[in-house]
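> Dropping in work_3.pdb, with PDB, C-alpha atoms.
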ATOM      1  CA  MET A 299      -2.487   8.711 -13.744
ATOM      2  CA  VAL A 300       0.937   7.139 -14.200
ATOM      3  CA  LEU A 301       1.313   3.390 -14.562
ATOM      4  CA  ALA A 302       4.365   1.706 -13.111
ATOM      5  CA  PRO A 303       6.006  -0.904 -15.294
ATOM      6  CA  ARG A 304       5.719  -4.419 -13.954
ATOM      7  CA  GLY A 305       8.411  -6.824 -15.074
ATOM      8  CA  GLY A 306       8.047  -6.037 -18.759
ATOM      9  CA  GLN A 307       4.288  -6.555 -18.676
ATOM     10  CA  THR A 308       1.893  -3.919 -19.850
ATOM     11  CA  GLY A 309      -0.156  -2.243 -17.152
ATOM     12  CA  GLY A 310       1.163  -1.861 -13.642
ATOM     13  CA  VAL A 311       0.216  -0.268 -10.377
ATOM     14  CA  PRO A 312      -1.828   2.903 -10.871
ATOM     15  CA  ARG A 313       0.104   5.660  -9.134
ATOM     16  CA  VAL A 314      -2.569   7.921  -7.711
ATOM     17  CA  PRO A 315      -1.266   9.723  -4.639
ATOM     18  CA  SER A 316      -3.941  10.769  -2.195
ATOM     19  CA  PRO A 317      -4.390  11.433   1.514
ATOM     20  CA  ALA A 318      -6.220   8.087   1.833
ATOM     21  CA  ALA A 319      -3.353   6.222   0.146
ATOM     22  CA  ALA A 320      -0.931   7.993   2.492
ATOM     23  CA  GLN A 321      -2.949   6.902   5.553
ATOM     24  CA  ILE A 322      -3.041   3.283   4.400
ATOM     25  CA  GLY A 323       0.683   3.465   3.682
ATOM     26  CA  ARG A 324       1.383   4.749   7.204
ATOM     27  CA  ASN A 325      -0.690   1.895   8.636
ATOM     28  CA  ILE A 326       1.228  -0.694   6.608
ATOM     29  CA  THR A 327       4.513   0.813   7.790
ATOM     30  CA  VAL A 328       3.411   0.754  11.445
ATOM     31  CA  TYR A 329       2.479  -2.940  11.261
ATOM     32  CA  ARG A 330       5.653  -3.806   9.324
ATOM     33  CA  ASN A 331       7.859  -1.983  11.828
ATOM     34  CA  ALA A 332       6.037  -3.603  14.760
ATOM     35  CA  LYS A 333       7.147  -6.983  13.397
ATOM     36  CA  GLY A 334      10.701  -5.690  12.955
ATOM     37  CA  TRP A 335      10.536  -6.431   9.233
ATOM     38  CA  THR A 336      12.243  -4.674   6.378
ATOM     39  CA  ARG A 337      10.252  -3.763   3.314
ATOM     40  CA  ASP A 338      11.956  -6.619   1.462
ATOM     41  CA  LYS A 339      10.902  -9.086   4.173
ATOM     42  CA  LEU A 340       7.254  -7.994   3.899
ATOM     43  CA  ALA A 341       7.488  -8.178   0.106
ATOM     44  CA  GLY A 342       8.757 -11.748   0.329
ATOM     45  CA  GLU A 343       6.135 -12.812   2.870
ATOM     46  CA  SER A 344       3.240 -11.198   0.988
ATOM     47  CA  GLY A 345       4.191 -11.717  -2.637
ATOM     48  CA  VAL A 346       3.902  -7.958  -3.271
ATOM     49  CA  GLU A 347       6.855  -6.538  -5.188
ATOM     50  CA  SER A 348       9.145  -4.454  -3.005
ATOM     51  CA  SER A 349       9.032  -1.498  -5.404
ATOM     52  CA  ASN A 350       5.223  -1.511  -5.348
ATOM     53  CA  LEU A 351       5.252  -1.814  -1.569
ATOM     54  CA  ALA A 352       7.495   1.262  -1.391
ATOM     55  CA  HIS A 353       4.956   3.235  -3.433
ATOM     56  CA  HIS A 354       2.095   2.018  -1.235
ATOM     57  CA  GLU A 355       3.897   2.891   1.997
ATOM     58  CA  ALA A 356       4.769   6.343   0.666
ATOM     59  CA  GLY A 357       1.140   6.963  -0.301
ATOM     60  CA  ARG A 358       2.051   7.329  -3.976
ATOM     61  CA  ALA A 359      -0.201   4.437  -5.035
ATOM     62  CA  MET A 360      -3.551   3.258  -3.705
ATOM     63  CA  VAL A 361      -3.521  -0.350  -2.538
ATOM     64  CA  SER A 362      -5.919  -2.697  -4.331
ATOM     65  CA  VAL A 363      -8.141  -4.973  -2.260
ATOM     66  CA  PRO A 364      -6.218  -8.144  -3.231
ATOM     67  CA  THR A 365      -2.916  -6.477  -2.307
ATOM     68  CA  LEU A 366      -4.370  -5.199   0.973
ATOM     69  CA  VAL A 367      -5.449  -8.741   1.859
ATOM     70  CA  LYS A 368      -2.020 -10.168   0.947
ATOM     71  CA  LEU A 369      -0.262  -7.578   3.110
ATOM     72  CA  ALA A 370      -2.641  -8.041   6.044
ATOM     73  CA  THR A 371      -2.249 -11.815   5.873
ATOM     74  CA  ALA A 372       1.546 -11.547   5.886
ATOM     75  CA  LEU A 373       1.382  -9.063   8.778
ATOM     76  CA  GLN A 374      -1.020 -11.372  10.644
ATOM     77  CA  THR A 375      -3.664  -8.700  11.044
ATOM     78  CA  ASP A 376      -7.159  -8.058   9.805
ATOM     79  CA  PRO A 377      -7.275  -6.080   6.527
ATOM     80  CA  GLY A 378      -9.496  -3.552   8.294
ATOM     81  CA  ASN A 379      -6.619  -2.625  10.578
ATOM     82  CA  LEU A 380      -4.721  -1.322   7.565
ATOM     83  CA  LEU A 381      -7.684   0.966   6.806
ATOM     84  CA  VAL A 382      -7.841   2.609  10.246
ATOM     85  CA  GLY A 383      -8.151   6.360   9.851
ATOM     86  CA  VAL A 384      -9.503   6.179   6.297
ATOM     87  CA  THR A 385     -12.832   7.987   6.128
ATOM     88  CA  PRO A 386     -15.180   8.773   3.232
ATOM     89  CA  GLU A 387     -13.988  12.374   3.452
ATOM     90  CA  LEU A 388     -10.343  11.312   3.226
ATOM     91  CA  LEU A 389     -11.140   9.120   0.216
ATOM     92  CA  SER A 390     -12.669  12.073  -1.612
ATOM     93  CA  GLN A 391      -9.643  14.329  -1.081
ATOM     94  CA  LYS A 392      -6.969  14.686  -3.730
ATOM     95  CA  TYR A 393      -3.519  16.213  -3.557
ATOM     96  CA  PRO A 394      -3.180  19.508  -5.432
ATOM     97  CA  GLN A 395      -1.819  18.990  -8.941
TER      98      GLN A 395
END
I need this file expressed as C-alpha cells, please.

Amino acid sequence: MVLAPRGGQTGGVPRVPSPAAAQIGRNITVYRNAKGWTRDKLAGESGVESSNLAHHEAGRAMVSVPTLVKLATALQTDPGNLLVGVTPELLSQKYPQ
C-alpha cells in the first residue's frame, strides 16, 4: 500500500486500487459531470483535496466513509448512490499485482 503525502503531514490517503474503488470513482464522476462541475469545483464544495479526488475518481484509492459523505453532500445525493454497482464480490476482487 502506498500512502499519498498530505500537505506535509504524515499519513495520507491509502492508495489501494481495486475494482470496487474504480466503480465508486465512476459514480462520483457521473454525479460531478451531471452538475457540470470540474474536479476543482467539487473539491472546493466538499472540502476534499483535488489531488485526492483525482485518485478516487480514477479508482486508485478507496474512498473513506467520511469522504464519501462529504462528496455526496456536495453533490446533493445520498451516499448510497455513490456505491451503486458495488457488490460484496466486487469488494473482494483485487487488481493483479
> On this structure, the PyMOL selection byres ((chain A and resi 322) around 8) would catch which residues? List them as a list in words, sorted by chain and number.
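With the PyMOL selection byres ((chain A and resi 322) around 8) on this model, the match is Ala318, Ala319, Ala320, Gln321, Gly323, Arg324, Asn325, Ile326, His354, Glu355, Gly357, Val361, Leu380, Leu381, Val382 and Val384 of chain A.
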> Could you tell me how far atom CA of Tyr393 of chain A sits from atom CA of Thr375 of chain A, in Å to one decimal place?
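Rounded to one decimal, the two atoms are 28.9 Å apart.
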> Skip Gly345 of chain A itself and residues of its chain fewer than 3 positions away, then list as a list in words all residues within 9 Å of it, counting all atoms listed in the file.
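The filter keeps Leu340, Ala341, Gly342, Ser348, Thr365, Lys368, Leu369 and Ala372 of chain A.
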> Could you name the residues that touch segment 336-338 of chain A at 10 Å or less, counting all atoms listed in the file, but leaving out those on the same chain fewer than 6 positions away, as number ranges by chain?
A: 327, 330, 344, 346-349, 351-352, 355
> Calculated over all atoms listed in the file, which of the candidates A:Gly334, A:Tyr329, A:Asn350, A:Pro315 has the smallest distance to Asp376 of chain A?
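Answer, going by the shortest atom-to-atom distance: A:Tyr329.
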> For segment 304-390 of chain A in the structure I just supplied, write out C-alpha atoms - as a CSV table (one decimal), in the first residue's frame.

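Contents of result-v1.csv, freshly written:
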chain,number,residue,atom,x,y,z
A,304,ARG,CA,-0.9,15.2,2.6
A,305,GLY,CA,0.3,18.8,3.0
A,306,GLY,CA,3.5,17.8,4.8
A,307,GLN,CA,1.6,15.7,7.3
A,308,THR,CA,2.5,12.1,8.0
A,309,GLY,CA,-0.1,9.6,6.7
A,310,GLY,CA,-2.3,10.3,3.7
A,311,VAL,CA,-4.8,8.6,1.6
A,312,PRO,CA,-4.2,4.9,1.3
A,313,ARG,CA,-3.8,4.2,-2.4
A,314,VAL,CA,-5.3,0.7,-2.9
A,315,PRO,CA,-6.6,0.4,-6.4
A,316,SER,CA,-9.4,-2.1,-6.8
A,317,PRO,CA,-12.5,-2.8,-9.0
A,318,ALA,CA,-14.7,-1.5,-6.2
A,319,ALA,CA,-12.7,1.7,-5.9
A,320,ALA,CA,-13.0,2.1,-9.7
A,321,GLN,CA,-16.8,1.7,-9.6
A,322,ILE,CA,-17.2,4.3,-6.8
A,323,GLY,CA,-14.9,6.6,-8.8
A,324,ARG,CA,-17.0,6.2,-11.9
A,325,ASN,CA,-20.1,7.0,-9.8
A,326,ILE,CA,-18.5,10.2,-8.4
A,327,THR,CA,-17.5,11.3,-11.9
A,328,VAL,CA,-21.0,10.7,-13.2
A,329,TYR,CA,-22.6,12.8,-10.5
A,330,ARG,CA,-19.9,15.5,-10.8
A,331,ASN,CA,-20.4,15.7,-14.6
A,332,ALA,CA,-24.2,15.8,-14.2
A,333,LYS,CA,-23.8,19.0,-12.2
A,334,GLY,CA,-21.4,20.4,-14.8
A,335,TRP,CA,-18.7,20.7,-12.2
A,336,THR,CA,-14.9,20.5,-12.6
A,337,ARG,CA,-12.9,18.4,-10.2
A,338,ASP,CA,-11.7,21.6,-8.6
A,339,LYS,CA,-15.3,22.8,-8.1
A,340,LEU,CA,-16.3,19.5,-6.4
A,341,ALA,CA,-13.1,19.7,-4.3
A,342,GLY,CA,-14.0,23.2,-3.1
A,343,GLU,CA,-17.6,22.3,-2.4
A,344,SER,CA,-16.7,19.1,-0.5
A,345,GLY,CA,-13.5,20.0,1.3
A,346,VAL,CA,-11.8,17.0,-0.3
A,347,GLU,CA,-8.4,17.9,-1.8
A,348,SER,CA,-8.5,17.9,-5.6
A,349,SER,CA,-5.5,15.6,-5.9
A,350,ASN,CA,-7.2,13.0,-3.6
A,351,LEU,CA,-10.4,13.4,-5.6
A,352,ALA,CA,-8.5,12.6,-8.8
A,353,HIS,CA,-7.2,9.4,-7.2
A,354,HIS,CA,-10.7,8.5,-6.0
A,355,GLU,CA,-12.3,9.1,-9.4
A,356,ALA,CA,-9.6,7.1,-11.1
A,357,GLY,CA,-10.1,4.2,-8.8
A,358,ARG,CA,-6.6,4.4,-7.5
A,359,ALA,CA,-7.7,5.0,-3.9
A,360,MET,CA,-10.7,3.7,-1.9
A,361,VAL,CA,-12.9,6.4,-0.6
A,362,SER,CA,-13.3,6.5,3.2
A,363,VAL,CA,-16.8,6.8,4.7
A,364,PRO,CA,-16.3,10.4,5.9
A,365,THR,CA,-15.0,11.4,2.4
A,366,LEU,CA,-17.9,9.6,0.7
A,367,VAL,CA,-20.4,11.5,2.9
A,368,LYS,CA,-18.7,14.8,2.1
A,369,LEU,CA,-18.7,14.2,-1.6
A,370,ALA,CA,-22.4,13.0,-1.6
A,371,THR,CA,-23.4,16.1,0.4
A,372,ALA,CA,-21.7,18.4,-2.0
A,373,LEU,CA,-23.2,16.5,-5.0
A,374,GLN,CA,-26.6,16.7,-3.3
A,375,THR,CA,-27.2,13.0,-3.4
A,376,ASP,CA,-27.5,10.1,-1.0
A,377,PRO,CA,-24.1,8.5,-0.2
A,378,GLY,CA,-25.6,5.2,-1.3
A,379,ASN,CA,-25.9,6.5,-4.8
A,380,LEU,CA,-22.1,6.7,-5.0
A,381,LEU,CA,-22.0,3.0,-4.1
A,382,VAL,CA,-24.3,1.8,-6.8
A,383,GLY,CA,-22.8,-1.2,-8.6
A,384,VAL,CA,-20.5,-2.1,-5.6
A,385,THR,CA,-21.2,-5.7,-4.6
A,386,PRO,CA,-19.5,-8.0,-2.0
A,387,GLU,CA,-17.9,-9.8,-4.8
A,388,LEU,CA,-16.5,-6.6,-6.3
A,389,LEU,CA,-15.2,-5.6,-2.9
A,390,SER,CA,-13.3,-8.9,-2.6
